[in-house]
Amino acid sequence: MNKQTIITALLALVTLACWAQEKPDPITINFQLASKTKGEMVGVLYPDFIAFGTSPLEAVTDDNGQWTVKIPAYRTLHIQVWNQNKIQDVVGGSINLFCRPGTETNILLDDINKRCVITGENAEAHQAQIDHPLKIEYFFSQLEDMEIQAAAQFLRDVHEQNLHRIDSLCKAHPNLPGDYVAALRAIDNYGFARSMTNCLMGHFNRNMGTLIENGNVLPKAYIDLLHEVETHELLHPDRFLPWDAVFYFSHVMSLENLARYGIVREITEEEPDSKLLFFKEYCSVIDALDASDEVKQMMKSKSFLTYCVPDLTPQREEYLRSQLTAESFGWLQNYITQALAAKAQQEADSDEEAETQAESVKDGKDIFQELITPYRGRVIYVDFWGTWCVPCMNEMRHVEALHKALKGLPVTYIYFANKSPKDAWQKATQAIGLDGENCVNLRLPDQQQMAVEEYLSIRKFPTYLLIDPNGAIVNNDAPRPSEPEAVREAILKLIEK
């Protein structure tokens, strides 16, 4: 990190130190494997309602098969605990927890007798999901090639199916804990709303050029579908918020902003600070929403992080103070302080490593071509993933079926792991079965990985590519492992050419 960057970060920290200190009350999760297996990696995913994202943790069992994590919390959180080996077999993929700040939850995963016992915070509702599990279905990947109205109807159908399955479960078990039933309905409702707004944003990004040519306005079809899921129930939550909610709120904010101000707009001379202008515009949009005060505070915090950090000028801070409550202001202050300090430390620690890597870093195209050249004459199925990425790990469940479907075909699998700790990466590749025949596992230095991803325009995880026997990229959005027959069909076409 250069001196100017260090000075900027330090000045920002000094400014923030003047803000009122508000710290989260942590949620504690204790995990125990009955087999006392050491080195078992378990992922923990929780929503971050300040940064508007999901924060992953990786916990590894100690000599006694235990781990403990503490999650910062300002409100009740939907937390997912998942693992490709133990949890998959016992509870069907993931354990969902709904915990209040300052509470403790204990998970005894009896991987010997195939059962799970949860005690502590909200134990009755948590245990109900183990005794009476119900999976809420989502289908993000199937919508990319659909027209907007067809995709919307598809999502409505999935939503209705989920509601029907929840009703059937309640009829079969009328004494289910109310908190568990409420959690299932909230996960489904926010999942449907998130899917719809995610679909709108994806369609918008793919067709932005055409939309601008047709008048620089958000089409009425978009606005109608947005309003379909922009409901009072979702924008005025009275219980916990599932992690899908962070994406939903973010999409609502962005789409409403596009609807009000247009797709492209010019900065006026009255406001020379364009980033502050965008923040003000978002605040105006948020104030007009029929949303709870809590949700509005979350949205404004997100907008400020997007446009005004780390350049914390006095003007930006003054306007932020006028928009947030003292409590929200303190939460955001604490988050920014920690985030900037962590970033400064990370950049300082990586300077030396980056300098040593710089000489070995080639153009991303050269790196990629060098890596795939040994496999010319074969079709290459490329998977960009990460141990921290929940959708990636969900798809990894289907790897065995994919390899089986393609057995006997001239296919090489190359797995690029993005920003995955070495130990976690090694454990995951073995557990998933990525160390099998014709599998190539790559964990490149950060600079090289970034160069390759930039060359291939990798913007989401997971991403799958197909490369023909001549080394040409023929599909940069190939079918997923969960669609083995579609993958097989695409590969057969390349072989037959």
# chains A, B, ... in the order shown; residues from 1 in each chain; ligands from 1
>>> select_by_dssp(residues="range 449-492 of chain A", states="helix (DSSP H, G or I)", output="number ranges by chain")
A: 449-456, 484-492
>>> residues_around(residues="range 361-378 of chain A", least_positions_apart="2", cutoff="10 Å", atoms="only C-alpha atoms", output="PyMOL selection string")
chain A and resi 354+356-359+380-382+409-414+438+440+442+445-456+467-472+491+494-495
>>> write_last_selection(atoms="N, CA and C atoms", output="short mmCIF file (atom, residue, chain, number, x, y, z; two decimals), in the first residue's frame")
data_model
loop_
_atom_site.label_atom_id
_atom_site.label_comp_id
_atom_site.auth_asym_id
_atom_site.auth_seq_id
_atom_site.Cartn_x
_atom_site.Cartn_y
_atom_site.Cartn_z
N ALA A 354 2.76 -9.27 -3.09
CA ALA A 354 2.35 -8.76 -4.40
C ALA A 354 3.56 -8.41 -5.25
N THR A 356 6.54 -9.76 -5.10
CA THR A 356 7.22 -10.97 -5.56
C THR A 356 6.41 -11.66 -6.65
N GLN A 357 5.09 -11.53 -6.58
CA GLN A 357 4.26 -12.17 -7.59
C GLN A 357 4.28 -11.40 -8.91
N ALA A 358 4.49 -10.08 -8.83
CA ALA A 358 4.33 -9.22 -10.01
C ALA A 358 5.17 -9.70 -11.18
N GLU A 359 6.38 -10.15 -10.89
CA GLU A 359 7.27 -10.56 -11.98
C GLU A 359 6.75 -11.82 -12.67
N ILE A 380 -12.88 -29.38 -22.34
CA ILE A 380 -12.54 -28.97 -20.98
C ILE A 380 -13.76 -28.29 -20.35
N TYR A 381 -14.15 -28.79 -19.19
CA TYR A 381 -15.24 -28.20 -18.42
C TYR A 381 -14.61 -27.43 -17.27
N VAL A 382 -14.75 -26.09 -17.29
CA VAL A 382 -14.08 -25.22 -16.34
C VAL A 382 -15.09 -24.73 -15.29
N LEU A 409 -16.26 -40.19 -21.81
CA LEU A 409 -16.09 -39.11 -22.79
C LEU A 409 -14.73 -38.44 -22.57
N PRO A 410 -14.14 -37.90 -23.64
CA PRO A 410 -12.83 -37.23 -23.51
C PRO A 410 -12.97 -35.83 -22.88
N VAL A 411 -13.18 -35.81 -21.56
CA VAL A 411 -13.43 -34.57 -20.84
C VAL A 411 -12.42 -34.40 -19.72
N THR A 412 -11.90 -33.18 -19.59
CA THR A 412 -11.05 -32.81 -18.45
C THR A 412 -11.77 -31.73 -17.67
N TYR A 413 -11.76 -31.86 -16.35
CA TYR A 413 -12.40 -30.88 -15.47
C TYR A 413 -11.31 -30.02 -14.83
N ILE A 414 -11.44 -28.70 -14.99
CA ILE A 414 -10.50 -27.78 -14.34
C ILE A 414 -11.27 -26.92 -13.36
N ASN A 438 -9.11 -37.26 -14.26
CA ASN A 438 -9.31 -36.15 -15.21
C ASN A 438 -9.72 -34.84 -14.52
N VAL A 440 -8.48 -31.43 -12.55
CA VAL A 440 -7.33 -30.56 -12.31
C VAL A 440 -7.78 -29.46 -11.35
N LEU A 442 -6.90 -26.07 -9.28
CA LEU A 442 -5.98 -24.93 -9.32
C LEU A 442 -6.36 -23.91 -8.25
N PRO A 445 -2.06 -17.96 -7.28
CA PRO A 445 -1.81 -16.74 -6.50
C PRO A 445 -2.85 -15.68 -6.87
N ASP A 446 -3.20 -14.84 -5.92
CA ASP A 446 -4.30 -13.88 -6.11
C ASP A 446 -4.15 -13.06 -7.38
N GLN A 447 -2.92 -12.57 -7.63
CA GLN A 447 -2.72 -11.71 -8.81
C GLN A 447 -2.99 -12.48 -10.10
N GLN A 448 -2.56 -13.72 -10.17
CA GLN A 448 -2.78 -14.53 -11.36
C GLN A 448 -4.26 -14.89 -11.51
N GLN A 449 -4.90 -15.24 -10.39
CA GLN A 449 -6.32 -15.57 -10.43
C GLN A 449 -7.12 -14.36 -10.93
N MET A 450 -6.80 -13.18 -10.43
CA MET A 450 -7.50 -11.97 -10.86
C MET A 450 -7.28 -11.71 -12.34
N ALA A 451 -6.07 -11.96 -12.83
CA ALA A 451 -5.77 -11.73 -14.24
C ALA A 451 -6.58 -12.67 -15.12
N VAL A 452 -6.68 -13.94 -14.71
CA VAL A 452 -7.45 -14.91 -15.48
C VAL A 452 -8.94 -14.56 -15.47
N GLU A 453 -9.46 -14.20 -14.29
CA GLU A 453 -10.87 -13.86 -14.18
C GLU A 453 -11.20 -12.61 -14.98
N GLU A 454 -10.28 -11.65 -15.01
CA GLU A 454 -10.50 -10.44 -15.80
C GLU A 454 -10.53 -10.77 -17.28
N TYR A 455 -9.62 -11.62 -17.72
CA TYR A 455 -9.58 -12.01 -19.13
C TYR A 455 -10.88 -12.71 -19.54
N LEU A 456 -11.41 -13.56 -18.66
CA LEU A 456 -12.60 -14.34 -18.99
C LEU A 456 -13.89 -13.62 -18.58
N ILE A 467 -14.76 -25.58 -23.23
CA ILE A 467 -13.69 -25.33 -24.20
C ILE A 467 -13.60 -26.53 -25.13
N ASP A 468 -13.61 -26.26 -26.43
CA ASP A 468 -13.61 -27.37 -27.39
C ASP A 468 -12.21 -27.99 -27.51
N PRO A 469 -12.09 -29.12 -28.21
CA PRO A 469 -10.81 -29.82 -28.31
C PRO A 469 -9.69 -28.98 -28.93
N ASN A 470 -10.05 -27.90 -29.63
CA ASN A 470 -9.03 -27.03 -30.22
C ASN A 470 -8.60 -25.89 -29.28
N GLY A 471 -9.16 -25.85 -28.10
CA GLY A 471 -8.77 -24.82 -27.13
C GLY A 471 -9.58 -23.55 -27.21
N ALA A 472 -10.68 -23.55 -27.96
CA ALA A 472 -11.51 -22.34 -28.09
C ALA A 472 -12.64 -22.36 -27.06
N ILE A 491 -21.45 -31.29 -24.54
CA ILE A 491 -20.11 -31.85 -24.80
C ILE A 491 -20.15 -32.79 -26.00
N LEU A 494 -19.75 -30.91 -29.16
CA LEU A 494 -18.37 -30.47 -29.42
C LEU A 494 -17.52 -31.62 -29.92
N ILE A 495 -17.77 -32.80 -29.41
CA ILE A 495 -16.98 -33.97 -29.83
C ILE A 495 -17.31 -34.35 -31.26
#
>>> residues_around(residues="Glu40 in chain A", least_positions_apart="6", cutoff="9 Å", atoms="only C-alpha atoms", output="VMD selection string")
chain A and resid 59 to 62 65 83 85 to 86 427
>>> closest_residue(among="A:Ile286, A:Val246, A:Cys308, A:Leu406", to="Ser274 in chain A", atoms="only C-alpha atoms")
A:Cys308
>>> residues_around(residues="Pro484 in chain A", least_positions_apart="3", cutoff="9 Å", atoms="only C-alpha atoms", output="PyMOL selection string")
chain A and resi 398-399+401-406+479-481+487-489
